[in-house]
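S.K.: Quick one: the structure is below, questions incoming.
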Amino acid sequence: MVWEMLNPVHYNITSMVPEAVPLATMPILLLTGLLLFVWNYEDTSSIPGPGYCMGLGPLISHCRFLWMGIGSACNYYNKMYGEFTRVWICGEETLIISKSSSMFHVMKHNHYISRFGSKLGLQFIGMHENGIIFNNNTALWKAVRPFFIKALSGPGLVRMVTICAESIITHLDRLEEVKNESGSLDVLTLMRRIMLDTSNMLFLRIPLDENAIVVKIQGYFDAWQALLFKPDIFFKISWLYKKYEKSVKDLKDAIEILIEEKRHRISTADKLEDCMDFATELIFAEKRGDLTRENVNQCILEMLIAAPDTMSVSVFFTLFLIAEHPKVEEAIMKEIQTVVGERDIRIDDIQKLKVVENVIYESMRYQPVVDLVMRKALQDDVIDGYPVKKGTNIILNIGRMHRLEFFPKPNEFTLENFAKNVPYRYFQPFGFGPRSCAGKYIAMVMMKVILVTLLKRFCVQTPQSQGGRIEKLQKRNDLAVHPDENTNFLNMIFIPRNSDKCLEC
C-alpha cells in the first residue's frame, strides 16, 4: 500500500505534500518522484532486452557497442535476450532483429528506407545527407539512387565483365608487387587493387595511384565505423578525433583531385559521348542544379570505395574457404572447364556458372562481410506482434539469421546448403526491397569473373601448416567483418595450374 502511494505511475505525488511542509523540501520530493518514474520506465516496453535501471541500461548498452563492435554486440544481445531484442544506442531505442519474418517485413516496406547513426559522425565522414550508403534524408537518397542503378546495371554490367577480366589478368601478371619474402601473397591488397581499378575504369576513368588510394580507403573505412555511434561529446575533444579527421581528409582530398580532372576533361572534350559515365552524369546533374557539388563528390567517392571496402574481403574469404575444401574446388574447376573452357569469360557465361554462384552464396552465408542492415522506422508500426514507434532504430542481424533458419547444415561450409532453391526471405546477403544494395547484381558478376579468371590460372593454398583455417582467423565484427591484417595467416600461395606442384595438391 505504501509503495502504491509513492509510485508516481499510480499517484500524484505533489498531492501528498501538506501545506505546512517547508518550501525547501519540495525539490527533494520532486526529485524522489522523478527517480521513481525513471525506475518504473523499464516496465513500459513489452520487447525483451536489458532493463533501463535508472539510465544505466542505455549507458551500458551504448558502451557495449563501442567496445565490442556493432556486429559482435548485436550477436551478444540476440543470444542473451532472443531474436527480437530492444537495446539503446546514443540514448535511442534500437531493435536488434534476427528473425526472418521480421526482417522480411522491414525490408519490403517503404517506411523503413531511412538509416541511422550519429549525425556528427556522418557529417564528419561526409555521409550526412550526401551519397547513398548512409544518407538518411530519404528525398535526397531517392534523388541519387537512379544514378547508381543506371551505372550498376544494363550496359555497365556487360562492360564490367571485360574490364574486370582485363584488370585481373594485368594484376596477376604483376604478383611480385604483393609478394612477401616467404613467397606468399597479400591477397587482400591484390583484391582491393583489382576492385579499385575495375571501379575506376567503369565509373570515373581517371588515372590514379592504386596503392595510395587503397591505403586511404582503409583509413576512411576505419574512421567510418569508429565514428558512426560516437556520442556528441566525442566531437568536442579534438585530440580524440584528430587521427580520424586526417584519414577522412586524405581520401576526400585525393578523390576531389580526380574529380576535378574529370571536370576538366568534360569541359575540353570534343565529343561528350566519349566522356559519358557515372561521374559525368552526376557532374551534369550538378550543373543543372539537381545536386550539390558536395553530394556529387561523395557519390563518386562511395562508388569507388564500395568494392575495395567490402567485396574484396568477400572474395578473400571465398578463396580461403575454397583452399580449405578441395572437393569444392574440384567442382568449380569442372564447371569452369565445361562452361568457359580455355577462352576468357564472357557475359553469356555468367548465368551458367551455378556452382561458382553457390560457392559465393555459401561463403557469404558462412563467413559474411556485411552481416547487418541498419534502418529507422518512419512511422508507427507493428512487427511480429511488437509495437514499433516512429523514430525507432532497427538493426537486422542477417548474419545470425543465416545460421538459425532454413539451412540443413548451418554451421558448416558445404554446398549442400544451396543444393535446393533457397527462398529469398531466408537468405539476404544484399537485402531486398526499396533500399536493397544497388550493386547486388554487378557484385555477383564481378566476383564470378574474378574467381573464374584467377582459378583458371592458379590453385590457391592457405598456410595450413600454421593452422590456417578461416575459423581461426582473428576478425573484428563491427560495421563489417574484417580479418585482423596484422598477421601472416592472411597470406596465400598461388600455384600455377600447369605446374607439377599444383597437380600434387
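Naming scheme: A, B, ... for chains in displayed order of the C-alpha cells; residues 1 onward per chain; ligands 1 onward as shown.
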For Leu188 (chain A), work out the shell of residues within 8 Å, counting only C-alpha atoms and skipping chain neighbours fewer than 6 positions away, then give it as a list of chain:residue names.

M.R.: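 With the cut-off at 8 Å, the set is A:Ser312, A:Val313, A:Phe316, A:Leu490.
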
S.K.: Would you kindly return, as a list in words, each protein, DNA or RNA residue with an atom no farther than 9 Å from any atom of Tyr426 (chain A), considering only C-alpha atoms and excluding same-chain residues fewer than 4 positions away?

M.R.: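 Selected residues are Ser100, Ser101, Phe104, Met401, His402, Glu405, Phe406, Phe407 and Val422 of chain A.
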
S.K.: Which one is closest to Gly91 (chain A): A:Lys216, A:Arg192, A:Lys230, A:His111? Count only C-alpha atoms.

M.R.: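 Of A:Lys216, A:Arg192, A:Lys230, A:His111, the one nearest Gly91 (chain A) is A:Lys230, counting only C-alpha atoms.
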
S.K.: Give me the residues of region 149-250 of chain A that have any atom at most 8 Å from an atom of region 294-309 of chain A; for each, the nearest atom pair and the distance in Å, rounded to one decimal. Use only C-alpha atoms, sort by chain and number, and format it as JSON lines.

M.R.:
{"residue": "A:Met191", "atom": "CA", "partner": "A:Pro308", "partner_atom": "CA", "distance": 7.3}
{"residue": "A:Arg192", "atom": "CA", "partner": "A:Pro308", "partner_atom": "CA", "distance": 4.5}
{"residue": "A:Arg193", "atom": "CA", "partner": "A:Pro308", "partner_atom": "CA", "distance": 7.3}
{"residue": "A:Met195", "atom": "CA", "partner": "A:Pro308", "partner_atom": "CA", "distance": 5.3}
{"residue": "A:Leu196", "atom": "CA", "partner": "A:Pro308", "partner_atom": "CA", "distance": 5.8}
{"residue": "A:Ser199", "atom": "CA", "partner": "A:Leu304", "partner_atom": "CA", "distance": 5.8}
{"residue": "A:Asn200", "atom": "CA", "partner": "A:Leu304", "partner_atom": "CA", "distance": 6.5}
{"residue": "A:Phe203", "atom": "CA", "partner": "A:Met303", "partner_atom": "CA", "distance": 7.6}
{"residue": "A:Leu204", "atom": "CA", "partner": "A:Ile300", "partner_atom": "CA", "distance": 7.8}
{"residue": "A:Val214", "atom": "CA", "partner": "A:Pro308", "partner_atom": "CA", "distance": 7.4}
{"residue": "A:Ile217", "atom": "CA", "partner": "A:Ile305", "partner_atom": "CA", "distance": 6.4}
{"residue": "A:Gln218", "atom": "CA", "partner": "A:Asp309", "partner_atom": "CA", "distance": 7.2}
{"residue": "A:Phe221", "atom": "CA", "partner": "A:Asp309", "partner_atom": "CA", "distance": 7.3}

S.K.: So that I have them on file, write out the residues from the current selection with N, CA, C and O atoms, as a PDB file, in the first residue's frame.

M.R.:
ATOM      1  N   MET A 191      43.235  -8.042 -54.141  1.00  0.00           N
ATOM      2  CA  MET A 191      41.813  -7.907 -54.455  1.00  0.00           C
ATOM      3  C   MET A 191      41.376  -6.440 -54.419  1.00  0.00           C
ATOM      4  O   MET A 191      40.597  -5.988 -55.264  1.00  0.00           O
ATOM      5  N   ARG A 192      41.859  -5.694 -53.452  1.00  0.00           N
ATOM      6  CA  ARG A 192      41.487  -4.279 -53.356  1.00  0.00           C
ATOM      7  C   ARG A 192      41.955  -3.490 -54.574  1.00  0.00           C
ATOM      8  O   ARG A 192      41.250  -2.616 -55.079  1.00  0.00           O
ATOM      9  N   ARG A 193      43.137  -3.809 -55.069  1.00  0.00           N
ATOM     10  CA  ARG A 193      43.651  -3.106 -56.247  1.00  0.00           C
ATOM     11  C   ARG A 193      42.831  -3.458 -57.479  1.00  0.00           C
ATOM     12  O   ARG A 193      42.520  -2.587 -58.304  1.00  0.00           O
ATOM     13  N   MET A 195      39.670  -4.457 -57.542  1.00  0.00           N
ATOM     14  CA  MET A 195      38.344  -3.838 -57.393  1.00  0.00           C
ATOM     15  C   MET A 195      38.398  -2.341 -57.682  1.00  0.00           C
ATOM     16  O   MET A 195      37.527  -1.787 -58.358  1.00  0.00           O
ATOM     17  N   LEU A 196      39.412  -1.671 -57.165  1.00  0.00           N
ATOM     18  CA  LEU A 196      39.531  -0.226 -57.381  1.00  0.00           C
ATOM     19  C   LEU A 196      39.772   0.079 -58.851  1.00  0.00           C
ATOM     20  O   LEU A 196      39.151   0.995 -59.418  1.00  0.00           O
ATOM     21  N   SER A 199      36.503  -0.497 -60.765  1.00  0.00           N
ATOM     22  CA  SER A 199      35.528   0.560 -60.460  1.00  0.00           C
ATOM     23  C   SER A 199      35.911   1.869 -61.129  1.00  0.00           C
ATOM     24  O   SER A 199      35.057   2.581 -61.681  1.00  0.00           O
ATOM     25  N   ASN A 200      37.186   2.201 -61.092  1.00  0.00           N
ATOM     26  CA  ASN A 200      37.648   3.437 -61.717  1.00  0.00           C
ATOM     27  C   ASN A 200      37.417   3.416 -63.225  1.00  0.00           C
ATOM     28  O   ASN A 200      36.932   4.389 -63.809  1.00  0.00           O
ATOM     29  N   PHE A 203      33.501   3.812 -63.753  1.00  0.00           N
ATOM     30  CA  PHE A 203      32.703   4.915 -63.238  1.00  0.00           C
ATOM     31  C   PHE A 203      33.368   6.292 -63.261  1.00  0.00           C
ATOM     32  O   PHE A 203      32.678   7.301 -63.177  1.00  0.00           O
ATOM     33  N   LEU A 204      34.690   6.365 -63.360  1.00  0.00           N
ATOM     34  CA  LEU A 204      35.382   7.657 -63.336  1.00  0.00           C
ATOM     35  C   LEU A 204      36.353   7.819 -64.502  1.00  0.00           C
ATOM     36  O   LEU A 204      36.407   8.866 -65.125  1.00  0.00           O
ATOM     37  N   VAL A 214      44.152   2.778 -52.190  1.00  0.00           N
ATOM     38  CA  VAL A 214      43.717   1.627 -51.387  1.00  0.00           C
ATOM     39  C   VAL A 214      44.020   1.855 -49.909  1.00  0.00           C
ATOM     40  O   VAL A 214      43.179   1.581 -49.039  1.00  0.00           O
ATOM     41  N   ILE A 217      41.560   4.363 -48.579  1.00  0.00           N
ATOM     42  CA  ILE A 217      40.224   3.784 -48.403  1.00  0.00           C
ATOM     43  C   ILE A 217      40.136   3.019 -47.082  1.00  0.00           C
ATOM     44  O   ILE A 217      39.134   3.123 -46.358  1.00  0.00           O
ATOM     45  N   GLN A 218      41.175   2.281 -46.750  1.00  0.00           N
ATOM     46  CA  GLN A 218      41.184   1.558 -45.476  1.00  0.00           C
ATOM     47  C   GLN A 218      41.118   2.521 -44.296  1.00  0.00           C
ATOM     48  O   GLN A 218      40.408   2.279 -43.320  1.00  0.00           O
ATOM     49  N   PHE A 221      37.540   3.873 -44.075  1.00  0.00           N
ATOM     50  CA  PHE A 221      36.615   2.894 -43.512  1.00  0.00           C
ATOM     51  C   PHE A 221      36.791   2.765 -42.007  1.00  0.00           C
ATOM     52  O   PHE A 221      35.809   2.668 -41.259  1.00  0.00           O
TER      53      PHE A 221
END

S.K.: Smallest atom-to-atom distance to Lys390 (chain A): which of A:Ile96, A:Leu202, A:Lys376, A:Val161, using only C-alpha atoms?

M.R.: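 Comparing A:Ile96, A:Leu202, A:Lys376, A:Val161 against Lys390 (chain A), the winner is A:Lys376.
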
S.K.: Between A:Cys459, A:Ala143, A:Met447, A:Leu228, which has the minimum distance to Asn498 (chain A) (counting only C-alpha atoms)?

M.R.: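 Going through A:Cys459, A:Ala143, A:Met447, A:Leu228 one by one, the smallest distance to Asn498 (chain A) is for A:Cys459.
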
S.K.: What's the 10 Å shell around Asp222 (chain A), counting only C-alpha atoms, without same-chain residues fewer than 5 positions away, as a list in words?

M.R.: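 The residues that qualify are Lys216, Ile217, Leu227, Tyr244, Ser247, Val248 and Leu479 of chain A.
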
S.K.: For the alpha helix (DSSP H) assignment from backbone DSSP, which residues of region 35-92 of chain A qualify? Please present them as a PDB file with N, CA and C atoms, in the first residue's frame.

M.R.:
ATOM      1  N   LEU A  35      12.945  10.082  -9.793  1.00  0.00           N
ATOM      2  CA  LEU A  35      13.696   8.841  -9.714  1.00  0.00           C
ATOM      3  C   LEU A  35      12.775   7.629  -9.731  1.00  0.00           C
ATOM      4  N   LEU A  36      11.647   7.738  -9.044  1.00  0.00           N
ATOM      5  CA  LEU A  36      10.689   6.636  -9.043  1.00  0.00           C
ATOM      6  C   LEU A  36      10.095   6.434 -10.433  1.00  0.00           C
ATOM      7  N   PHE A  37       9.856   7.541 -11.138  1.00  0.00           N
ATOM      8  CA  PHE A  37       9.333   7.437 -12.501  1.00  0.00           C
ATOM      9  C   PHE A  37      10.336   6.740 -13.418  1.00  0.00           C
ATOM     10  N   VAL A  38      11.607   7.145 -13.302  1.00  0.00           N
ATOM     11  CA  VAL A  38      12.665   6.542 -14.118  1.00  0.00           C
ATOM     12  C   VAL A  38      12.790   5.060 -13.810  1.00  0.00           C
ATOM     13  N   TRP A  39      12.703   4.730 -12.506  1.00  0.00           N
ATOM     14  CA  TRP A  39      12.824   3.330 -12.101  1.00  0.00           C
ATOM     15  C   TRP A  39      11.713   2.482 -12.726  1.00  0.00           C
ATOM     16  N   ASN A  40      10.507   3.047 -12.833  1.00  0.00           N
ATOM     17  CA  ASN A  40       9.385   2.321 -13.406  1.00  0.00           C
ATOM     18  C   ASN A  40       9.404   2.299 -14.926  1.00  0.00           C
ATOM     19  N   TYR A  41      10.289   3.098 -15.564  1.00  0.00           N
ATOM     20  CA  TYR A  41      10.333   3.181 -17.026  1.00  0.00           C
ATOM     21  C   TYR A  41      10.637   1.831 -17.671  1.00  0.00           C
ATOM     22  N   LEU A  56      21.123   3.460 -16.379  1.00  0.00           N
ATOM     23  CA  LEU A  56      22.345   2.684 -16.551  1.00  0.00           C
ATOM     24  C   LEU A  56      22.253   1.728 -17.740  1.00  0.00           C
ATOM     25  N   GLY A  57      21.033   1.224 -18.015  1.00  0.00           N
ATOM     26  CA  GLY A  57      20.846   0.304 -19.134  1.00  0.00           C
ATOM     27  C   GLY A  57      21.262   0.899 -20.470  1.00  0.00           C
ATOM     28  N   PRO A  58      20.738   2.084 -20.834  1.00  0.00           N
ATOM     29  CA  PRO A  58      21.154   2.711 -22.092  1.00  0.00           C
ATOM     30  C   PRO A  58      22.645   3.019 -22.145  1.00  0.00           C
ATOM     31  N   LEU A  59      23.219   3.426 -20.997  1.00  0.00           N
ATOM     32  CA  LEU A  59      24.651   3.743 -20.975  1.00  0.00           C
ATOM     33  C   LEU A  59      25.485   2.493 -21.231  1.00  0.00           C
ATOM     34  N   ILE A  60      25.151   1.399 -20.531  1.00  0.00           N
ATOM     35  CA  ILE A  60      25.885   0.149 -20.705  1.00  0.00           C
ATOM     36  C   ILE A  60      25.704  -0.388 -22.120  1.00  0.00           C
ATOM     37  N   SER A  61      24.476  -0.283 -22.625  1.00  0.00           N
ATOM     38  CA  SER A  61      24.173  -0.765 -23.973  1.00  0.00           C
ATOM     39  C   SER A  61      25.034  -0.048 -25.014  1.00  0.00           C
ATOM     40  N   HIS A  62      25.072   1.275 -24.933  1.00  0.00           N
ATOM     41  CA  HIS A  62      25.854   2.056 -25.897  1.00  0.00           C
ATOM     42  C   HIS A  62      27.347   1.734 -25.779  1.00  0.00           C
ATOM     43  N   CYS A  63      27.824   1.649 -24.548  1.00  0.00           N
ATOM     44  CA  CYS A  63      29.244   1.340 -24.339  1.00  0.00           C
ATOM     45  C   CYS A  63      29.606  -0.034 -24.893  1.00  0.00           C
ATOM     46  N   ARG A  64      28.681  -0.981 -24.806  1.00  0.00           N
ATOM     47  CA  ARG A  64      28.960  -2.318 -25.332  1.00  0.00           C
ATOM     48  C   ARG A  64      29.161  -2.275 -26.844  1.00  0.00           C
ATOM     49  N   PHE A  65      28.359  -1.474 -27.529  1.00  0.00           N
ATOM     50  CA  PHE A  65      28.520  -1.345 -28.978  1.00  0.00           C
ATOM     51  C   PHE A  65      29.863  -0.711 -29.326  1.00  0.00           C
ATOM     52  N   LEU A  66      30.266   0.290 -28.542  1.00  0.00           N
ATOM     53  CA  LEU A  66      31.550   0.949 -28.809  1.00  0.00           C
ATOM     54  C   LEU A  66      32.715   0.004 -28.513  1.00  0.00           C
ATOM     55  N   TRP A  67      32.567  -0.814 -27.496  1.00  0.00           N
ATOM     56  CA  TRP A  67      33.660  -1.682 -27.038  1.00  0.00           C
ATOM     57  C   TRP A  67      33.766  -2.940 -27.895  1.00  0.00           C
ATOM     58  N   MET A  68      32.629  -3.629 -28.117  1.00  0.00           N
ATOM     59  CA  MET A  68      32.646  -4.909 -28.817  1.00  0.00           C
ATOM     60  C   MET A  68      32.640  -4.759 -30.333  1.00  0.00           C
ATOM     61  N   ILE A  70      29.815  -3.214 -33.565  1.00  0.00           N
ATOM     62  CA  ILE A  70      28.373  -3.291 -33.805  1.00  0.00           C
ATOM     63  C   ILE A  70      27.912  -4.735 -33.996  1.00  0.00           C
ATOM     64  N   GLY A  71      28.577  -5.465 -34.893  1.00  0.00           N
ATOM     65  CA  GLY A  71      28.152  -6.836 -35.177  1.00  0.00           C
ATOM     66  C   GLY A  71      28.248  -7.751 -33.976  1.00  0.00           C
ATOM     67  N   SER A  72      29.355  -7.679 -33.252  1.00  0.00           N
ATOM     68  CA  SER A  72      29.540  -8.534 -32.072  1.00  0.00           C
ATOM     69  C   SER A  72      28.524  -8.205 -30.985  1.00  0.00           C
ATOM     70  N   ALA A  73      28.230  -6.926 -30.797  1.00  0.00           N
ATOM     71  CA  ALA A  73      27.243  -6.531 -29.789  1.00  0.00           C
ATOM     72  C   ALA A  73      25.853  -7.032 -30.163  1.00  0.00           C
ATOM     73  N   CYS A  74      25.512  -6.966 -31.450  1.00  0.00           N
ATOM     74  CA  CYS A  74      24.209  -7.474 -31.892  1.00  0.00           C
ATOM     75  C   CYS A  74      24.088  -8.968 -31.609  1.00  0.00           C
ATOM     76  N   ASN A  75      25.139  -9.722 -31.919  1.00  0.00           N
ATOM     77  CA  ASN A  75      25.107 -11.166 -31.641  1.00  0.00           C
ATOM     78  C   ASN A  75      24.977 -11.439 -30.148  1.00  0.00           C
ATOM     79  N   TYR A  76      25.655 -10.632 -29.337  1.00  0.00           N
ATOM     80  CA  TYR A  76      25.583 -10.799 -27.885  1.00  0.00           C
ATOM     81  C   TYR A  76      24.143 -10.607 -27.390  1.00  0.00           C
ATOM     82  N   TYR A  77      23.510  -9.520 -27.818  1.00  0.00           N
ATOM     83  CA  TYR A  77      22.159  -9.221 -27.312  1.00  0.00           C
ATOM     84  C   TYR A  77      21.122 -10.208 -27.846  1.00  0.00           C
ATOM     85  N   ASN A  78      21.234 -10.626 -29.113  1.00  0.00           N
ATOM     86  CA  ASN A  78      20.294 -11.626 -29.619  1.00  0.00           C
ATOM     87  C   ASN A  78      20.459 -12.955 -28.899  1.00  0.00           C
ATOM     88  N   LYS A  79      21.689 -13.323 -28.608  1.00  0.00           N
ATOM     89  CA  LYS A  79      21.927 -14.572 -27.889  1.00  0.00           C
ATOM     90  C   LYS A  79      21.412 -14.486 -26.452  1.00  0.00           C
ATOM     91  N   MET A  80      21.547 -13.310 -25.860  1.00  0.00           N
ATOM     92  CA  MET A  80      21.164 -13.134 -24.461  1.00  0.00           C
ATOM     93  C   MET A  80      19.650 -13.009 -24.281  1.00  0.00           C
ATOM     94  N   TYR A  81      18.989 -12.272 -25.179  1.00  0.00           N
ATOM     95  CA  TYR A  81      17.579 -11.934 -24.946  1.00  0.00           C
ATOM     96  C   TYR A  81      16.617 -12.464 -26.008  1.00  0.00           C
TER      97      TYR A  81
END

S.K.: Using backbone DSSP assignments, extract all strand (DSSP E or B) residues from region 28-122 of chain A; output them as a list in words.

M.R.: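 So the strand (DSSP E or B) residues in region 28-122 of chain A would be Phe84, Thr85, Arg86, Val87, Trp88, Ile89, Glu92, Glu93, Thr94, Leu95, Ile96, Ile97 and Ser114 of chain A.
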
S.K.: At a cut-off of 10 Å, using only C-alpha atoms, what residues contact Asp186 (chain A)? Leave out same-chain residues fewer than 5 positions from it and give the result as a ChimeraX atom specification.

M.R.: /A:175,177-180,191,485,488-493
